[in-house]
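Structure record follows, encoded as structure tokens.
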Amino acid sequence: LGSLLELFVFALALVARVRLLQKEKNAFQFELIAIEKKEKNLLKIEVENKRQELLEAHHRVETLQRIDTVTGLFNRSYFDNQLQDEWKLAQYKKLPLGIILAEFNDLTLYRESYGKQTCDYSLRLLAQKLVSNTTQEHPIVARIRDDRLALLLINSNQEKTISFMQEIKASVEQVQIPFKESNFGRVEMNFVSDAITPNLHCSSQQFLVKIEHML
């Protein structure tokens, strides 16, 4: 009888021990699952952050590829692409497009006389003045040559384009930049403009070249 009692007590103790070990095992497994879930969430966040960083870097590269670094305006490549796109759209909708060109007189002489840094600053100042006084809706403003700025005006006929050109010309002329080596004693810019309703007889580049020949 004593041996049976001892065996019974031992069995109870063994069962209790097994239950305790199972409980500890379950707790350990739950802890492992929680740790794994946390690490997965952290990894997911890290991957998302890296992805966002890559997207931002890609966006910065794309922006730099279409921006003129001196003036902060769009560059020639971007302007040509936009002109072609807007040309096709205007041709489809039968709407007019206007282009205004502004050319820095004697830029080479100005750069030789005052240095590249001063020249770049003056170009940037004129570009900012031009953009800040742009009241026409959504114009595309670009530096298309070393000494030349361009504005593409959407849905702008000849009358509107000329009126807008006179407006920005008056605004830019308020910027009195000394240039004693020139005939005017200050920096001067030439302005020309034209407008057209795009058609099959003239391409966007032909129209732009036509205006450039007016300078």
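Order determines the names: the first chain of the structure tokens is A, the second B, and so forth; residues in each chain are numbered 1 upward, and ligands are numbered 1 upward as they are shown.
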Could you write out, as a PyMOL selection string, all the residues of chain A that DSSP marks as helix (DSSP H, G or I)?
-> chain A and resi 2-66+76-93+107-114+116-132+158-173+204-212
Next, the residues of the selection above should be written as a tab-separated table (two decimals), in the first residue's frame with C-alpha atoms.
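Saved to again-v6.tsv:
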chain	number	residue	atom	x	y	z
A	2	GLY	CA	2.84	2.34	0.84
A	3	SER	CA	4.46	1.74	-2.54
A	4	LEU	CA	1.21	2.46	-4.36
A	5	LEU	CA	0.77	5.70	-2.42
A	6	GLU	CA	4.31	6.77	-3.23
A	7	LEU	CA	3.74	5.91	-6.89
A	8	PHE	CA	0.50	7.93	-6.91
A	9	VAL	CA	2.20	10.94	-5.32
A	10	PHE	CA	5.07	10.66	-7.83
A	11	ALA	CA	2.58	10.51	-10.72
A	12	LEU	CA	0.82	13.64	-9.44
A	13	ALA	CA	4.14	15.43	-9.12
A	14	LEU	CA	5.14	14.33	-12.61
A	15	VAL	CA	1.86	15.55	-14.08
A	16	ALA	CA	2.30	18.91	-12.32
A	17	ARG	CA	5.87	19.15	-13.59
A	18	VAL	CA	4.79	18.32	-17.17
A	19	ARG	CA	2.03	20.94	-16.97
A	20	LEU	CA	4.51	23.53	-15.68
A	21	LEU	CA	6.97	22.70	-18.45
A	22	GLN	CA	4.19	22.91	-21.05
A	23	LYS	CA	3.09	26.26	-19.63
A	24	GLU	CA	6.67	27.55	-19.77
A	25	LYS	CA	7.02	26.21	-23.31
A	26	ASN	CA	3.80	27.96	-24.41
A	27	ALA	CA	4.94	31.22	-22.78
A	28	PHE	CA	8.31	30.94	-24.53
A	29	GLN	CA	6.61	30.29	-27.87
A	30	PHE	CA	4.30	33.27	-27.40
A	31	GLU	CA	7.33	35.41	-26.57
A	32	LEU	CA	9.14	34.18	-29.69
A	33	ILE	CA	6.07	34.96	-31.82
A	34	ALA	CA	5.84	38.45	-30.30
A	35	ILE	CA	9.56	39.08	-30.92
A	36	GLU	CA	9.29	37.80	-34.48
A	37	LYS	CA	6.24	39.98	-35.14
A	38	LYS	CA	8.02	43.02	-33.70
A	39	GLU	CA	11.11	42.38	-35.81
A	40	LYS	CA	8.97	41.94	-38.91
A	41	ASN	CA	7.24	45.26	-38.20
A	42	LEU	CA	10.60	46.97	-37.64
A	43	LEU	CA	11.93	45.45	-40.86
A	44	LYS	CA	8.81	46.54	-42.72
A	45	ILE	CA	9.22	50.09	-41.42
A	46	GLU	CA	12.92	50.09	-42.35
A	47	VAL	CA	12.16	48.80	-45.85
A	48	GLU	CA	9.45	51.44	-46.29
A	49	ASN	CA	11.84	54.18	-45.11
A	50	LYS	CA	14.49	52.99	-47.56
A	51	ARG	CA	11.92	52.88	-50.34
A	52	GLN	CA	10.84	56.43	-49.52
A	53	GLU	CA	14.45	57.61	-49.49
A	54	LEU	CA	15.03	56.05	-52.92
A	55	LEU	CA	11.86	57.67	-54.29
A	56	GLU	CA	12.93	61.06	-52.93
A	57	ALA	CA	16.43	60.63	-54.38
A	58	HIS	CA	14.93	59.66	-57.73
A	59	HIS	CA	12.65	62.71	-57.60
A	60	ARG	CA	15.63	64.98	-56.83
A	61	VAL	CA	17.56	63.55	-59.77
A	62	GLU	CA	14.57	64.03	-62.08
A	63	THR	CA	14.18	67.62	-60.84
A	64	LEU	CA	17.86	68.38	-61.40
A	65	GLN	CA	17.64	66.97	-64.91
A	66	ARG	CA	15.00	69.51	-65.89
A	76	ARG	CA	15.97	73.78	-72.71
A	77	SER	CA	15.33	70.04	-72.78
A	78	TYR	CA	12.30	70.30	-70.50
A	79	PHE	CA	10.99	73.35	-72.38
A	80	ASP	CA	11.22	71.56	-75.74
A	81	ASN	CA	9.38	68.52	-74.37
A	82	GLN	CA	6.63	70.64	-72.83
A	83	LEU	CA	6.32	72.73	-75.98
A	84	GLN	CA	5.85	69.59	-78.07
A	85	ASP	CA	3.25	68.18	-75.65
A	86	GLU	CA	1.32	71.45	-75.40
A	87	TRP	CA	1.55	71.89	-79.17
A	88	LYS	CA	-0.18	68.54	-79.77
A	89	LEU	CA	-2.83	69.30	-77.15
A	90	ALA	CA	-3.50	72.79	-78.53
A	91	GLN	CA	-3.69	71.38	-82.06
A	92	TYR	CA	-6.28	68.85	-80.91
A	93	LYS	CA	-8.30	71.46	-79.00
A	107	LEU	CA	25.97	88.71	-71.95
A	108	THR	CA	29.49	87.65	-72.96
A	109	LEU	CA	30.81	91.19	-72.47
A	110	TYR	CA	29.01	91.47	-69.13
A	111	ARG	CA	30.53	88.18	-67.93
A	112	GLU	CA	34.01	89.24	-69.05
A	113	SER	CA	33.64	92.63	-67.35
A	114	TYR	CA	32.13	91.53	-64.03
A	116	LYS	CA	30.89	84.65	-63.79
A	117	GLN	CA	29.57	84.93	-60.23
A	118	THR	CA	28.14	88.41	-60.79
A	119	CYS	CA	26.79	87.37	-64.17
A	120	ASP	CA	25.03	84.32	-62.70
A	121	TYR	CA	23.59	86.45	-59.89
A	122	SER	CA	22.22	89.00	-62.39
A	123	LEU	CA	20.67	86.25	-64.52
A	124	ARG	CA	19.07	84.73	-61.44
A	125	LEU	CA	17.76	88.14	-60.34
A	126	LEU	CA	16.20	88.83	-63.74
A	127	ALA	CA	14.70	85.33	-63.88
A	128	GLN	CA	13.15	85.73	-60.43
A	129	LYS	CA	11.75	89.12	-61.36
A	130	LEU	CA	10.26	87.67	-64.51
A	131	VAL	CA	8.65	84.73	-62.70
A	132	SER	CA	7.38	86.77	-59.75
A	158	GLN	CA	-1.52	87.23	-80.30
A	159	GLU	CA	-3.20	90.05	-78.40
A	160	LYS	CA	-2.84	88.38	-75.00
A	161	THR	CA	0.76	87.37	-75.70
A	162	ILE	CA	1.81	90.90	-76.70
A	163	SER	CA	0.03	92.40	-73.71
A	164	PHE	CA	1.72	89.97	-71.35
A	165	MET	CA	5.12	90.60	-72.96
A	166	GLN	CA	4.75	94.34	-72.39
A	167	GLU	CA	3.76	93.67	-68.79
A	168	ILE	CA	6.81	91.56	-67.94
A	169	LYS	CA	9.12	93.83	-69.95
A	170	ALA	CA	8.07	96.80	-67.85
A	171	SER	CA	8.60	94.74	-64.72
A	172	VAL	CA	12.07	93.53	-65.70
A	173	GLU	CA	13.13	97.04	-66.71
A	204	SER	CA	6.59	73.41	-82.59
A	205	GLN	CA	10.33	73.74	-83.23
A	206	GLN	CA	9.77	75.59	-86.50
A	207	PHE	CA	7.59	78.07	-84.67
A	208	LEU	CA	10.19	78.53	-81.93
A	209	VAL	CA	13.01	79.05	-84.45
A	210	LYS	CA	10.88	81.63	-86.25
A	211	ILE	CA	10.59	83.66	-83.04
A	212	GLU	CA	14.29	83.25	-82.24
Contact residues around Ile177 in chain A with only C-alpha atoms at 9 Å, ignoring same-chain residues under 6 positions, as an NGL selection string = :A and (122 or 185-188)
Those residues you just picked out, can you put them in a file as an mmCIF file, in the first residue's frame with C-alpha atoms?
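Okay, selection-v4.cif is ready:
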data_model
loop_
_atom_site.group_PDB
_atom_site.id
_atom_site.type_symbol
_atom_site.label_atom_id
_atom_site.label_comp_id
_atom_site.auth_asym_id
_atom_site.auth_seq_id
_atom_site.Cartn_x
_atom_site.Cartn_y
_atom_site.Cartn_z
ATOM 1 C CA SER A 122 22.224 89.003 -62.388
ATOM 2 C CA GLY A 185 24.906 101.932 -69.046
ATOM 3 C CA ARG A 186 22.799 99.152 -67.553
ATOM 4 C CA VAL A 187 21.682 95.623 -68.350
ATOM 5 C CA GLU A 188 19.127 95.500 -71.149
#
Computed interatomic separation between CA of Asn155 in chain A and CA of Cys202 in chain A (Å) =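 Those two atoms sit 17.4 Å apart.
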Run DSSP on the backbone and give me the residues of range 35-140 of chain A it puts in strand (DSSP E), as a PDB file with N, CA, C and O atoms, in the first residue's frame.
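Contents of the output file states24.pdb:
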ATOM      1  N   LEU A  97      -1.310  79.077 -78.810  1.00  0.00           N
ATOM      2  CA  LEU A  97      -0.152  79.075 -77.908  1.00  0.00           C
ATOM      3  C   LEU A  97       0.671  80.326 -78.181  1.00  0.00           C
ATOM      4  O   LEU A  97       0.827  80.743 -79.330  1.00  0.00           O
ATOM      5  N   GLY A  98       1.203  80.905 -77.122  1.00  0.00           N
ATOM      6  CA  GLY A  98       2.064  82.067 -77.280  1.00  0.00           C
ATOM      7  C   GLY A  98       3.449  81.779 -76.712  1.00  0.00           C
ATOM      8  O   GLY A  98       3.581  81.018 -75.746  1.00  0.00           O
ATOM      9  N   ILE A  99       4.460  82.364 -77.328  1.00  0.00           N
ATOM     10  CA  ILE A  99       5.828  82.236 -76.824  1.00  0.00           C
ATOM     11  C   ILE A  99       6.443  83.627 -76.729  1.00  0.00           C
ATOM     12  O   ILE A  99       6.330  84.438 -77.659  1.00  0.00           O
ATOM     13  N   ILE A 100       7.083  83.895 -75.598  1.00  0.00           N
ATOM     14  CA  ILE A 100       7.823  85.141 -75.396  1.00  0.00           C
ATOM     15  C   ILE A 100       9.283  84.776 -75.155  1.00  0.00           C
ATOM     16  O   ILE A 100       9.579  83.885 -74.361  1.00  0.00           O
ATOM     17  N   LEU A 101      10.179  85.454 -75.848  1.00  0.00           N
ATOM     18  CA  LEU A 101      11.608  85.273 -75.630  1.00  0.00           C
ATOM     19  C   LEU A 101      12.202  86.566 -75.087  1.00  0.00           C
ATOM     20  O   LEU A 101      11.841  87.658 -75.533  1.00  0.00           O
ATOM     21  N   ALA A 102      13.100  86.412 -74.119  1.00  0.00           N
ATOM     22  CA  ALA A 102      13.804  87.561 -73.537  1.00  0.00           C
ATOM     23  C   ALA A 102      15.298  87.272 -73.596  1.00  0.00           C
ATOM     24  O   ALA A 102      15.753  86.259 -73.061  1.00  0.00           O
ATOM     25  N   GLU A 103      16.034  88.157 -74.247  1.00  0.00           N
ATOM     26  CA  GLU A 103      17.466  87.922 -74.444  1.00  0.00           C
ATOM     27  C   GLU A 103      18.295  88.981 -73.721  1.00  0.00           C
ATOM     28  O   GLU A 103      18.038  90.183 -73.830  1.00  0.00           O
ATOM     29  N   PHE A 104      19.291  88.521 -72.987  1.00  0.00           N
ATOM     30  CA  PHE A 104      20.229  89.377 -72.247  1.00  0.00           C
ATOM     31  C   PHE A 104      21.220  89.976 -73.247  1.00  0.00           C
ATOM     32  O   PHE A 104      21.998  89.264 -73.859  1.00  0.00           O
ATOM     33  N   ILE A 140       5.058  78.270 -68.700  1.00  0.00           N
ATOM     34  CA  ILE A 140       6.274  77.464 -68.544  1.00  0.00           C
ATOM     35  C   ILE A 140       7.449  78.383 -68.845  1.00  0.00           C
ATOM     36  O   ILE A 140       7.587  78.873 -69.974  1.00  0.00           O
TER      37      ILE A 140
END
Interatomic distance (Å, one decimal) between CA of Ser182 in chain A and CA of Ala142 in chain A =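 That distance, rounded to one decimal, is 25.2 Å.
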What is the distance, in Å and to one decimal place, between CA of Ala150 in chain A and CA of Gln174 in chain A?
-> 19.1 Å
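Checking A:Lys94, A:Lys180, A:Arg143, A:His213 one by one against Thr197 in chain A, counting only C-alpha atoms, you find the shortest gap at A:Lys94.
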Residues at most 9 Å from Pro139 in chain A, counting only C-alpha atoms, excluding those fewer than 6 positions away in the same chain, as number ranges by chain?
-> A: 151-154
